[in-house]
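Novice: So here's model.pdb (PDB, C-alpha atoms).
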ATOM      1  CA  MET O 132      77.238 219.831  93.147
ATOM      2  CA  ILE O 133      75.079 219.027  96.149
ATOM      3  CA  GLY O 134      74.793 215.968  98.353
ATOM      4  CA  ARG O 135      72.041 213.423  98.420
ATOM      5  CA  VAL O 136      70.012 211.536 100.977
ATOM      6  CA  LEU O 137      69.896 207.805 100.227
ATOM      7  CA  ASP O 138      66.814 205.875 101.315
ATOM      8  CA  SER O 139      66.653 202.126 101.866
ATOM      9  CA  SER O 140      65.734 201.431  98.229
ATOM     10  CA  THR O 141      68.894 203.226  97.156
ATOM     11  CA  LEU O 142      71.027 201.404  99.714
ATOM     12  CA  LEU O 143      69.610 198.143  98.316
ATOM     13  CA  ALA O 144      70.298 199.212  94.730
ATOM     14  CA  TRP O 145      73.881 200.027  95.635
ATOM     15  CA  SER O 146      74.451 196.862  97.636
ATOM     16  CA  LEU O 147      72.877 194.552  95.067
ATOM     17  CA  ARG O 148      74.650 196.360  92.197
ATOM     18  CA  THR O 149      71.419 196.944  90.295
ATOM     19  CA  SER O 150      71.540 200.637  89.381
ATOM     20  CA  PRO O 151      74.206 202.380  87.283
ATOM     21  CA  TYR O 152      72.514 205.666  88.200
ATOM     22  CA  VAL O 153      73.011 205.092  91.932
ATOM     23  CA  ASP O 154      76.638 204.217  91.175
ATOM     24  CA  ALA O 155      76.976 207.477  89.245
ATOM     25  CA  VAL O 156      75.463 209.580  92.026
ATOM     26  CA  ILE O 157      77.767 208.033  94.610
ATOM     27  CA  PHE O 158      80.873 208.082  92.420
ATOM     28  CA  SER O 159      80.443 211.694  91.325
ATOM     29  CA  ARG O 160      80.070 212.880  94.957
ATOM     30  CA  ALA O 161      83.251 210.990  95.878
ATOM     31  CA  GLN O 162      85.120 212.459  92.914
ATOM     32  CA  HIS O 163      84.394 216.020  93.910
ATOM     33  CA  SER O 164      87.489 217.632  95.353
ATOM     34  CA  GLY O 165      87.951 220.349  97.937
ATOM     35  CA  TYR O 166      84.938 219.936 100.200
ATOM     36  CA  VAL O 167      82.638 217.120 101.241
ATOM     37  CA  VAL O 168      79.515 216.635  99.116
ATOM     38  CA  PRO O 169      77.745 214.309 101.533
ATOM     39  CA  LEU O 170      75.849 211.083 101.040
ATOM     40  CA  VAL O 171      73.434 210.905 103.943
ATOM     41  CA  THR O 172      71.312 208.045 105.174
ATOM     42  CA  THR O 173      69.652 207.193 108.455
ATOM     43  CA  THR O 174      69.867 204.373 110.954
ATOM     44  CA  PRO O 175      66.297 203.176 110.219
ATOM     45  CA  ALA O 176      66.981 203.127 106.457
ATOM     46  CA  LEU O 177      70.240 201.291 107.026
ATOM     47  CA  THR O 178      68.464 198.764 109.239
ATOM     48  CA  ALA O 179      65.708 198.229 106.675
ATOM     49  CA  ALA O 180      68.268 197.673 103.928
ATOM     50  CA  LEU O 181      70.325 195.239 105.997
ATOM     51  CA  ALA O 182      67.191 193.254 106.760
ATOM     52  CA  GLN O 183      66.637 192.666 103.038
ATOM     53  CA  LEU O 184      70.194 192.011 101.908
ATOM     54  CA  PRO O 185      71.740 188.605 101.347
ATOM     55  CA  ASP O 186      74.943 188.092 103.338
ATOM     56  CA  ARG O 187      77.110 188.406 100.227
ATOM     57  CA  ALA O 188      75.906 191.980  99.649
ATOM     58  CA  VAL O 189      76.522 193.282 103.169
ATOM     59  CA  PRO O 190      80.233 194.065 102.581
ATOM     60  CA  VAL O 191      79.220 196.208  99.597
ATOM     61  CA  LEU O 192      76.984 198.263 101.854
ATOM     62  CA  HIS O 193      79.777 198.506 104.404
ATOM     63  CA  ALA O 194      82.089 199.885 101.720
ATOM     64  CA  LEU O 195      79.639 202.733 101.183
ATOM     65  CA  LEU O 196      79.416 203.353 104.918
ATOM     66  CA  GLY O 197      83.210 203.399 105.162
ATOM     67  CA  MET O 198      83.550 206.361 102.836
ATOM     68  CA  GLU O 199      84.589 209.702 104.268
ATOM     69  CA  ILE O 200      81.632 211.439 102.619
ATOM     70  CA  THR O 201      78.987 209.062 103.982
ATOM     71  CA  ILE O 202      76.998 210.192 106.996
ATOM     72  CA  VAL O 203      74.525 208.030 108.910
ATOM     73  CA  GLU O 204      72.094 210.088 110.935
ATOM     74  CA  ASP O 205      71.043 208.339 114.127
ATOM     75  CA  LEU O 206      67.515 208.256 115.438
ATOM     76  CA  THR O 207      68.055 209.293 119.038
ATOM     77  CA  PRO O 208      65.921 210.649 121.877
ATOM     78  CA  SER O 209      66.971 214.147 120.823
ATOM     79  CA  THR O 210      66.021 213.722 117.125
ATOM     80  CA  ALA O 211      62.854 211.678 117.800
ATOM     81  CA  PRO O 212      60.565 214.714 118.280
ATOM     82  CA  ASP O 213      61.494 216.201 114.880
ATOM     83  CA  VAL O 214      61.118 212.853 113.109
ATOM     84  CA  ALA O 215      57.776 212.414 114.887
ATOM     85  CA  THR O 216      56.658 215.756 113.492
ATOM     86  CA  VAL O 217      57.299 214.453 109.970
ATOM     87  CA  LEU O 218      55.532 211.216 110.878
ATOM     88  CA  ARG O 219      52.445 212.850 112.343
ATOM     89  CA  THR O 220      50.539 212.731 109.031
ATOM     90  CA  ALA O 221      50.914 208.950 108.980
ATOM     91  CA  GLY O 222      48.506 208.625 111.905
ATOM     92  CA  PRO O 223      47.913 204.965 112.744
ATOM     93  CA  TYR O 224      50.484 203.932 110.126
ATOM     94  CA  ALA O 225      53.268 205.778 111.918
ATOM     95  CA  ALA O 226      55.148 202.638 112.905
ATOM     96  CA  GLU O 227      55.228 201.378 109.310
ATOM     97  CA  GLN O 228      56.418 204.726 107.959
ATOM     98  CA  LEU O 229      59.146 205.447 110.477
ATOM     99  CA  THR O 230      61.957 204.711 108.019
ATOM    100  CA  ALA O 231      60.513 207.071 105.418
ATOM    101  CA  ALA O 232      60.047 209.764 108.050
ATOM    102  CA  SER O 233      63.672 209.493 109.124
ATOM    103  CA  ILE O 234      64.735 210.003 105.497
ATOM    104  CA  VAL O 235      62.422 212.989 104.977
ATOM    105  CA  HIS O 236      63.704 214.487 108.209
ATOM    106  CA  ALA O 237      67.344 214.012 107.144
ATOM    107  CA  ALA O 238      66.600 215.606 103.769
ATOM    108  CA  ARG O 239      64.941 218.606 105.407
ATOM    109  CA  ARG O 240      67.672 218.990 107.978
ATOM    110  CA  ARG O 241      70.423 218.852 105.365
ATOM    111  CA  GLY O 242      68.548 220.619 102.592
ATOM    112  CA  LEU O 243      69.262 217.772 100.159
ATOM    113  CA  PRO O 244      67.315 215.773  97.543
ATOM    114  CA  ILE O 245      66.463 212.126  98.207
ATOM    115  CA  VAL O 246      67.613 209.412  95.811
ATOM    116  CA  THR O 247      64.931 206.732  95.780
ATOM    117  CA  GLY O 248      63.356 203.993  93.752
ATOM    118  CA  ASN O 249      60.066 204.439  95.595
ATOM    119  CA  PRO O 250      59.139 208.073  96.221
ATOM    120  CA  PHE O 251      55.543 207.486  97.315
ATOM    121  CA  PRO O 252      56.066 206.876 101.063
ATOM    122  CA  LEU O 253      58.310 209.943 101.130
ATOM    123  CA  THR O 254      56.009 212.321  99.268
ATOM    124  CA  ALA O 255      53.038 211.040 101.267
ATOM    125  CA  LEU O 256      54.757 212.413 104.353
ATOM    126  CA  ASP O 257      56.027 215.549 102.641
ATOM    127  CA  PRO O 258      54.632 216.529  99.227
ATOM    128  CA  GLY O 259      57.438 219.074  98.955
ATOM    129  CA  ALA O 260      60.241 216.569  99.416
ATOM    130  CA  GLU O 261      62.831 216.864  96.650
ATOM    131  CA  ILE O 262      63.076 213.526  94.868
ATOM    132  CA  ASP O 263      65.919 212.277  92.664
ATOM    133  CA  PRO O 264      64.285 209.171  91.151
ATOM    134  CA  ILE O 265      66.364 206.152  90.189
ATOM    135  CA  PRO O 266      65.704 205.658  86.452
TER
ATOM    136  CA  MET F 218      64.422 232.984 100.173
ATOM    137  CA  ASP F 219      61.758 235.423 101.303
ATOM    138  CA  ALA F 220      58.971 233.906 103.378
ATOM    139  CA  ASP F 221      57.565 237.366 104.166
ATOM    140  CA  GLN F 222      56.040 237.673 100.689
ATOM    141  CA  GLU F 223      53.856 234.606 101.185
ATOM    142  CA  PRO F 224      51.357 234.874 104.066
ATOM    143  CA  THR F 225      50.515 231.163 104.027
ATOM    144  CA  PRO F 226      53.617 229.294 102.896
ATOM    145  CA  SER F 227      53.115 226.131 100.855
ATOM    146  CA  PRO F 228      54.626 222.870 102.122
ATOM    147  CA  GLN F 229      57.335 223.285  99.450
ATOM    148  CA  HIS F 230      58.088 226.785 100.691
ATOM    149  CA  GLN F 231      58.189 225.676 104.310
ATOM    150  CA  HIS F 232      60.444 222.847 103.235
ATOM    151  CA  GLN F 233      62.800 225.268 101.498
ATOM    152  CA  HIS F 234      62.767 227.544 104.522
ATOM    153  CA  GLN F 235      63.887 224.628 106.643
ATOM    154  CA  HIS F 236      66.657 224.026 104.125
ATOM    155  CA  GLN F 237      67.874 227.542 104.659
ATOM    156  CA  GLU F 238      67.799 227.164 108.419
ATOM    157  CA  GLN F 239      69.860 224.025 108.255
ATOM    158  CA  GLU F 240      72.617 225.167 105.912
ATOM    159  CA  GLN F 241      76.013 224.157 107.219
ATOM    160  CA  GLU F 242      79.587 225.008 106.365
ATOM    161  CA  PRO F 243      81.047 222.400 103.989
ATOM    162  CA  LEU F 244      83.684 220.132 105.458
ATOM    163  CA  VAL F 245      87.124 219.954 103.909
ATOM    164  CA  TYR F 246      87.653 216.841 101.771
ATOM    165  CA  THR F 247      91.347 216.136 101.537
ATOM    166  CA  ASP F 248      93.027 214.449  98.598
ATOM    167  CA  GLU F 249      93.855 211.531 100.877
ATOM    168  CA  GLN F 250      90.203 211.126 101.875
ATOM    169  CA  ARG F 251      89.130 211.378  98.246
ATOM    170  CA  ASP F 252      91.664 208.771  97.158
ATOM    171  CA  HIS F 253      90.454 206.497  99.962
ATOM    172  CA  ASP F 254      86.810 206.818  98.906
ATOM    173  CA  LEU F 255      87.478 206.368  95.201
ATOM    174  CA  ALA F 256      89.567 203.283  95.907
ATOM    175  CA  LEU F 257      86.710 201.796  97.954
ATOM    176  CA  LEU F 258      84.226 202.516  95.176
ATOM    177  CA  LEU F 259      86.351 201.200  92.350
ATOM    178  CA  ASP F 260      86.998 198.045  94.334
ATOM    179  CA  VAL F 261      83.232 197.433  94.394
ATOM    180  CA  MET F 262      82.354 198.798  90.961
ATOM    181  CA  GLY F 263      85.343 197.575  88.992
ATOM    182  CA  ALA F 264      85.200 200.621  86.730
ATOM    183  CA  GLU F 265      83.729 204.092  86.600
ATOM    184  CA  PRO F 266      79.955 204.334  86.032
ATOM    185  CA  PRO F 267      78.677 204.739  82.455
ATOM    186  CA  ALA F 268      79.131 208.233  81.054
ATOM    187  CA  GLU F 269      75.401 208.661  80.375
ATOM    188  CA  MET F 270      74.592 207.993  84.033
ATOM    189  CA  LEU F 271      77.265 210.431  85.188
ATOM    190  CA  ASP F 272      75.783 212.976  82.781
ATOM    191  CA  LEU F 273      72.295 212.360  84.166
ATOM    192  CA  ALA F 274      73.523 212.829  87.735
ATOM    193  CA  HIS F 275      75.222 216.056  86.647
ATOM    194  CA  ARG F 276      72.068 217.349  84.926
ATOM    195  CA  ARG F 277      70.012 216.634  88.032
ATOM    196  CA  ASP F 278      72.582 218.497  90.134
ATOM    197  CA  GLU F 279      72.042 221.470  87.860
ATOM    198  CA  GLU F 280      68.247 221.134  88.158
ATOM    199  CA  PHE F 281      68.376 221.049  91.950
ATOM    200  CA  ALA F 282      70.776 223.994  91.979
ATOM    201  CA  ALA F 283      68.456 225.956  89.666
ATOM    202  CA  ARG F 284      65.502 225.322  91.991
ATOM    203  CA  ARG F 285      67.516 226.632  94.914
ATOM    204  CA  ALA F 286      68.585 229.694  92.954
ATOM    205  CA  HIS F 287      64.976 230.302  91.920
ATOM    206  CA  ALA F 288      63.765 229.995  95.518
ATOM    207  CA  ALA F 289      66.464 232.331  96.854
TER
END
Please express the file's structure as structure tokens.
Specialist:
Amino acid sequence: MIGRVLDSSTLLAWSLRTSPYVDAVIFSRAQHSGYVVPLVTTTPALTAALAQLPDRAVPVLHALLGMEITIVEDLTPSTAPDVATVLRTAGPYAAEQLTAASIVHAARRRGLPIVTGNPFPLTALDPGAEIDPIP
Amino acid sequence: MDADQEPTPSPQHQHQHQHQEQEQEPLVYTDEQRDHDLALLLDVMGAEPPAEMLDLAHRRDEEFAARRAHAA
């Protein structure tokens, strides 16, 4: 079993309780015993999800973040150059695609597939990105 | 993974090469940590996910693992 990177669409699906598949991905990683099979997201994706969530759903997202296997990768001055490399193909749309770039970067760095309900911004930045589509 | 056999690596190949560079040792997941996480999840979910969705997640794990084995 391998980990997954969760983009903002997946964080929304989890928080709004709309996808049994996202539940299954998260639950099966948590069930795995012995070593951590990580669930990774990024600060920009988390921010984008929080911006779209009603207040009642925020504690559900916090429950996910409180798990031992959940990792939130920060966008910091030291990671910015590598994320910018992913984002370079976006050209003048770089600002709009920053969240997607942070997810692609996390997936590359960790060597993990991305769970998403909207793969297009991700594959536009990296046609080779491994996608685990939400059915 | 053998990048030497491909003079001009595809984006997918470059991507996989980066995967290899970034491989990390897995962290230990104790029973206490696992119990903590499962309790958090079940509190939100109420019950385990449907079996068909767990099966789908498992099949996709196998697909991703097969791709890695094929690329190695």
Novice: May I have the residues within 8 Å of stretch 245-255 of chain O as a list of chain:residue names, using only C-alpha atoms and disregarding those fewer than 4 positions away in the same chain?
Specialist: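 The filter keeps O:Arg135, O:Val136, O:Leu137, O:Asp138, O:Ser139, O:Ser140, O:Thr141, O:Val153, O:Gln228, O:Ala231, O:Ala232, O:Ile234, O:Val235, O:Ala238, O:Gly259, O:Ala260, O:Glu261, O:Ile262, O:Asp263, O:Pro264, O:Ile265, O:Pro266.
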Novice: For the selection just defined, write its residues with C-alpha atoms to a file, as a compact mmCIF listing (two decimals), in the coordinates of the input.
Specialist:
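Output saved as selection.txt:
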# COMPACT_ATOMS: atom_id res chain seq x y z
CA ARG O 135 72.04 213.42 98.42
CA VAL O 136 70.01 211.54 100.98
CA LEU O 137 69.90 207.80 100.23
CA ASP O 138 66.81 205.88 101.32
CA SER O 139 66.65 202.13 101.87
CA SER O 140 65.73 201.43 98.23
CA THR O 141 68.89 203.23 97.16
CA VAL O 153 73.01 205.09 91.93
CA GLN O 228 56.42 204.73 107.96
CA ALA O 231 60.51 207.07 105.42
CA ALA O 232 60.05 209.76 108.05
CA ILE O 234 64.74 210.00 105.50
CA VAL O 235 62.42 212.99 104.98
CA ALA O 238 66.60 215.61 103.77
CA GLY O 259 57.44 219.07 98.96
CA ALA O 260 60.24 216.57 99.42
CA GLU O 261 62.83 216.86 96.65
CA ILE O 262 63.08 213.53 94.87
CA ASP O 263 65.92 212.28 92.66
CA PRO O 264 64.28 209.17 91.15
CA ILE O 265 66.36 206.15 90.19
CA PRO O 266 65.70 205.66 86.45
Novice: Compute the set of chain O residues within 9 Å of chain F, using only C-alpha atoms, and express it as JSON, numbers by chain.
Specialist: {"O": [132, 133, 134, 148, 151, 152, 153, 154, 155, 156, 157, 158, 159, 161, 162, 163, 164, 165, 166, 167, 168, 191, 194, 195, 197, 198, 199, 200, 238, 239, 240, 241, 242, 243, 244, 257, 258, 259, 260, 261, 263]}
Novice: Got time to write the residues from that selection, C-alpha atoms, as a compact mmCIF listing (two decimals), in the coordinates of the input?
Specialist:
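The new file selection.txt reads:
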# COMPACT_ATOMS: atom_id res chain seq x y z
CA MET O 132 77.24 219.83 93.15
CA ILE O 133 75.08 219.03 96.15
CA GLY O 134 74.79 215.97 98.35
CA ARG O 148 74.65 196.36 92.20
CA PRO O 151 74.21 202.38 87.28
CA TYR O 152 72.51 205.67 88.20
CA VAL O 153 73.01 205.09 91.93
CA ASP O 154 76.64 204.22 91.18
CA ALA O 155 76.98 207.48 89.24
CA VAL O 156 75.46 209.58 92.03
CA ILE O 157 77.77 208.03 94.61
CA PHE O 158 80.87 208.08 92.42
CA SER O 159 80.44 211.69 91.32
CA ALA O 161 83.25 210.99 95.88
CA GLN O 162 85.12 212.46 92.91
CA HIS O 163 84.39 216.02 93.91
CA SER O 164 87.49 217.63 95.35
CA GLY O 165 87.95 220.35 97.94
CA TYR O 166 84.94 219.94 100.20
CA VAL O 167 82.64 217.12 101.24
CA VAL O 168 79.52 216.64 99.12
CA VAL O 191 79.22 196.21 99.60
CA ALA O 194 82.09 199.88 101.72
CA LEU O 195 79.64 202.73 101.18
CA GLY O 197 83.21 203.40 105.16
CA MET O 198 83.55 206.36 102.84
CA GLU O 199 84.59 209.70 104.27
CA ILE O 200 81.63 211.44 102.62
CA ALA O 238 66.60 215.61 103.77
CA ARG O 239 64.94 218.61 105.41
CA ARG O 240 67.67 218.99 107.98
CA ARG O 241 70.42 218.85 105.36
CA GLY O 242 68.55 220.62 102.59
CA LEU O 243 69.26 217.77 100.16
CA PRO O 244 67.32 215.77 97.54
CA ASP O 257 56.03 215.55 102.64
CA PRO O 258 54.63 216.53 99.23
CA GLY O 259 57.44 219.07 98.96
CA ALA O 260 60.24 216.57 99.42
CA GLU O 261 62.83 216.86 96.65
CA ASP O 263 65.92 212.28 92.66
Novice: Separation of atom CA of O:Thr207 and atom CA of O:Leu229, in Å?
Specialist: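 About the pair atom CA of O:Thr207 and atom CA of O:Leu229: they are 12.9 Å apart.
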Novice: Can you sort out the box for stretch 241-259 of chain O, edges along x, y and z, all listed atoms in, 6 Å on every side, with centre and edge lengths in Å to one decimal, as lines of an AutoDock Vina configuration file?
Specialist:
center_x = 61.7
center_y = 212.3
center_z = 99.6
size_x = 29.4
size_y = 28.6
size_z = 23.6
Novice: In terms of the shortest atom-to-atom distance over all atoms listed in the file, which of O:Ser233, O:Ser146, O:Val171, O:Ala182 is closest to O:Ala211?
Specialist: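 Looking only at the distances to O:Ala211, the closest residue turns out to be O:Ser233.
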Novice: Between atom CA of O:Pro208 and atom CA of O:His193, what is the spacing in Å?
Specialist: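 Rounded to one decimal, the two atoms are 25.4 Å apart.
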Novice: Atom CA of O:Val203 and atom CA of O:Pro185, how far apart in Å?
Specialist: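 That distance, rounded to one decimal, is 21.0 Å.
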